[in-house]
Amino acid sequence: MFWTILVPPDSVDVHLGAGQASFRLTTSTFDDHDLKSSLTRVFPAGFPQIAEIAFDVEWSGIVDTAHIRNEALNFEGDFLQTGSTIQWSAFDPSSGFRFTSEAPNPARLVNAVIGRERNGVFFK
């Protein structure tokens with residue numbers, strides 16, 4: 001996990017029965033320069049900086065379904081393997097650096113899953 005932030009509820013739209021979901025977000029975050037800087041909190045001169053990021057993830061088209069129950073780990077869920085695409089971009093206004101992912105291409109999908117699960121005290 002790269003970061004955890006609170007996102008507006010309208011950023012996520014899920015229609016589990018139809019095997020469809022989306023997650024769209026545009027927000028500001030820190031550009032720490034590189035992974036090592038993020039992990040060690042030792043930054044090169046001029047970093048961290050504020051950057052704008054945007055992404056659009058779409059899941060659709062049920063390929064397979066699975067119900068998983070693991071009482072030893074207090075975990076149960078219903079999961080749908082689906083198709084998925086993602087488009088991602090970042091812009092650092094301080095440096096002018098911009099990155100945009102290639103156009104979404106469902107043919108390059110490795111794996112995608114959406115689902116509903118229960119764990120911990122909600123498992124019972």
# chains A, B, ... in the order shown; residues from 1 in each chain; ligands from 1
>>> residues_around(residues="Asp64 (chain A)", least_positions_apart="3", cutoff="12 Å", atoms="only C-alpha atoms", output="ChimeraX atom specification")
/A:19,60-61,67,78-83,111-115
>>> write_last_selection(atoms="C-alpha atoms", output="PDB file, in the first residue's frame")
ATOM      1  CA  GLY A  19     -20.120  -7.228 -11.350  1.00  0.00           C
ATOM      2  CA  SER A  60     -16.844  -4.973 -15.146  1.00  0.00           C
ATOM      3  CA  GLY A  61     -17.760  -8.255 -16.788  1.00  0.00           C
ATOM      4  CA  HIS A  67     -17.245 -17.913  -1.942  1.00  0.00           C
ATOM      5  CA  ASP A  78     -18.081 -13.498  -1.922  1.00  0.00           C
ATOM      6  CA  PHE A  79     -15.777 -12.439  -4.730  1.00  0.00           C
ATOM      7  CA  LEU A  80     -16.122 -11.770  -8.449  1.00  0.00           C
ATOM      8  CA  GLN A  81     -13.271 -12.020 -10.897  1.00  0.00           C
ATOM      9  CA  THR A  82     -13.885  -9.308 -13.498  1.00  0.00           C
ATOM     10  CA  GLY A  83     -12.295  -7.342 -16.250  1.00  0.00           C
ATOM     11  CA  ASN A 111      -6.249 -10.141 -12.618  1.00  0.00           C
ATOM     12  CA  ALA A 112      -9.103  -8.139 -11.087  1.00  0.00           C
ATOM     13  CA  VAL A 113     -11.442  -9.002  -8.222  1.00  0.00           C
ATOM     14  CA  ILE A 114     -14.238  -7.165  -6.439  1.00  0.00           C
ATOM     15  CA  GLY A 115     -16.290  -8.528  -3.581  1.00  0.00           C
TER      16      GLY A 115
END
>>> residues_around(residues="His33 (chain A)", least_positions_apart="5", cutoff="9 Å", atoms="only C-alpha atoms", output="list of chain:residue names")
A:Ser38, A:Phe43, A:Pro44, A:Phe47, A:Pro48, A:Gln49
>>> write_last_selection(atoms="N, CA and C atoms", output="PDB file, in the first residue's frame")
ATOM      1  N   SER A  38      10.448   8.044   0.516  1.00  0.00           N
ATOM      2  CA  SER A  38       9.167   7.820   1.191  1.00  0.00           C
ATOM      3  C   SER A  38       9.330   6.923   2.406  1.00  0.00           C
ATOM      4  N   PHE A  43      14.907  13.154   2.387  1.00  0.00           N
ATOM      5  CA  PHE A  43      14.520  13.679   1.083  1.00  0.00           C
ATOM      6  C   PHE A  43      15.659  14.456   0.432  1.00  0.00           C
ATOM      7  N   PRO A  44      15.726  14.423  -0.904  1.00  0.00           N
ATOM      8  CA  PRO A  44      16.654  15.306  -1.605  1.00  0.00           C
ATOM      9  C   PRO A  44      16.191  16.758  -1.462  1.00  0.00           C
ATOM     10  N   PHE A  47      12.371  18.539  -1.760  1.00  0.00           N
ATOM     11  CA  PHE A  47      11.294  17.560  -1.566  1.00  0.00           C
ATOM     12  C   PHE A  47      11.024  17.399  -0.083  1.00  0.00           C
ATOM     13  N   PRO A  48       9.828  16.981   0.312  1.00  0.00           N
ATOM     14  CA  PRO A  48       8.697  16.633  -0.537  1.00  0.00           C
ATOM     15  C   PRO A  48       8.008  17.864  -1.118  1.00  0.00           C
ATOM     16  N   GLN A  49       7.259  17.622  -2.192  1.00  0.00           N
ATOM     17  CA  GLN A  49       6.470  18.655  -2.853  1.00  0.00           C
ATOM     18  C   GLN A  49       5.034  18.167  -2.959  1.00  0.00           C
TER      19      GLN A  49
END
>>> residues_around(residues="region 6-12 of chain A", least_positions_apart="2", cutoff="8 Å", atoms="only C-alpha atoms", output="list in words")
Thr4, Val14, Ala21, Ser22, Phe23, Arg24 and Leu25 of chain A
>>> closest_residue(among="A:Val42, A:Asp92, A:Glu58, A:Ala18", to="Phe30 (chain A)", atoms="only C-alpha atoms")
A:Asp92
>>> closest_residue(among="A:His15, A:Ile86, A:Ser94, A:Ile68", to="Gly46 (chain A)", atoms="only C-alpha atoms")
A:Ser94
>>> closest_residue(among="A:Thr26, A:Asp34, A:Gly17, A:Ile53", to="Ala90 (chain A)", atoms="only C-alpha atoms")
A:Ile53
>>> select_by_dssp(residues="region 45-106 of chain A", states="strand (DSSP E or B)", output="JSON, numbers by chain")
{"A": [49, 50, 51, 52, 53, 54, 55, 56, 57, 58, 59, 60, 61, 62, 63, 64, 65, 66, 67, 68, 69, 70, 75, 76, 77, 78, 79, 80, 81, 82, 83, 84, 85, 86, 87, 88, 89, 90, 91, 92, 97, 98, 99, 100]}
>>> write_last_selection(atoms="C-alpha atoms", output="compact mmCIF listing (two decimals), in the first residue's frame")
# COMPACT_ATOMS: atom_id res chain seq x y z
CA GLN A 49 6.47 18.66 -2.85
CA ILE A 50 2.72 18.72 -3.36
CA ALA A 51 1.56 16.93 -6.51
CA GLU A 52 -1.83 16.42 -8.12
CA ILE A 53 -2.88 12.86 -8.92
CA ALA A 54 -5.88 11.46 -10.72
CA PHE A 55 -7.01 7.94 -11.42
CA ASP A 56 -9.98 6.16 -12.87
CA VAL A 57 -10.41 2.43 -12.20
CA GLU A 58 -13.25 0.42 -13.74
CA TRP A 59 -14.24 -3.18 -13.01
CA SER A 60 -16.84 -4.97 -15.15
CA GLY A 61 -17.76 -8.26 -16.79
CA ILE A 62 -17.98 -11.23 -14.42
CA VAL A 63 -15.48 -13.93 -15.40
CA ASP A 64 -15.79 -16.18 -12.33
CA THR A 65 -17.21 -16.17 -8.79
CA ALA A 66 -15.97 -17.61 -5.49
CA HIS A 67 -17.25 -17.91 -1.94
CA ILE A 68 -14.38 -18.22 0.54
CA ARG A 69 -14.77 -19.06 4.23
CA ASN A 70 -11.79 -19.47 6.56
CA PHE A 75 -12.77 -14.40 7.27
CA GLU A 76 -15.57 -14.96 4.77
CA GLY A 77 -16.48 -13.35 1.48
CA ASP A 78 -18.08 -13.50 -1.92
CA PHE A 79 -15.78 -12.44 -4.73
CA LEU A 80 -16.12 -11.77 -8.45
CA GLN A 81 -13.27 -12.02 -10.90
CA THR A 82 -13.88 -9.31 -13.50
CA GLY A 83 -12.30 -7.34 -16.25
CA SER A 84 -10.67 -4.07 -15.25
CA THR A 85 -8.97 -0.95 -16.61
CA ILE A 86 -7.07 1.88 -14.96
CA GLN A 87 -5.90 5.28 -16.09
CA TRP A 88 -3.53 7.26 -13.86
CA SER A 89 -1.83 10.65 -14.01
CA ALA A 90 0.32 12.88 -11.82
CA PHE A 91 1.46 16.48 -12.09
CA ASP A 92 4.03 18.27 -9.93
CA PHE A 97 6.76 17.15 -14.34
CA ARG A 98 3.75 15.31 -15.70
CA PHE A 99 3.09 11.60 -16.10
CA THR A 100 0.09 9.99 -17.74
>>> atom_distance(atom1="CA of Gly96 (chain A)", atom2="CA of Lys36 (chain A)")
21.9 Å
>>> select_by_dssp(residues="region 36-83 of chain A", states="helix (DSSP H, G or I)", output="list in words")
Lys36, Ser37, Ser38, Leu39, Thr40, Glu71, Ala72 and Leu73 of chain A
>>> atom_distance(atom1="CA of Ser101 (chain A)", atom2="CA of Leu35 (chain A)")
18.7 Å
>>> closest_residue(among="A:Ala107, A:Asp32, A:Ser37, A:Asn74", to="Phe122 (chain A)", atoms="only C-alpha atoms")
A:Asn74
>>> atom_distance(atom1="CA of Pro106 (chain A)", atom2="CA of Asp31 (chain A)")
28.7 Å
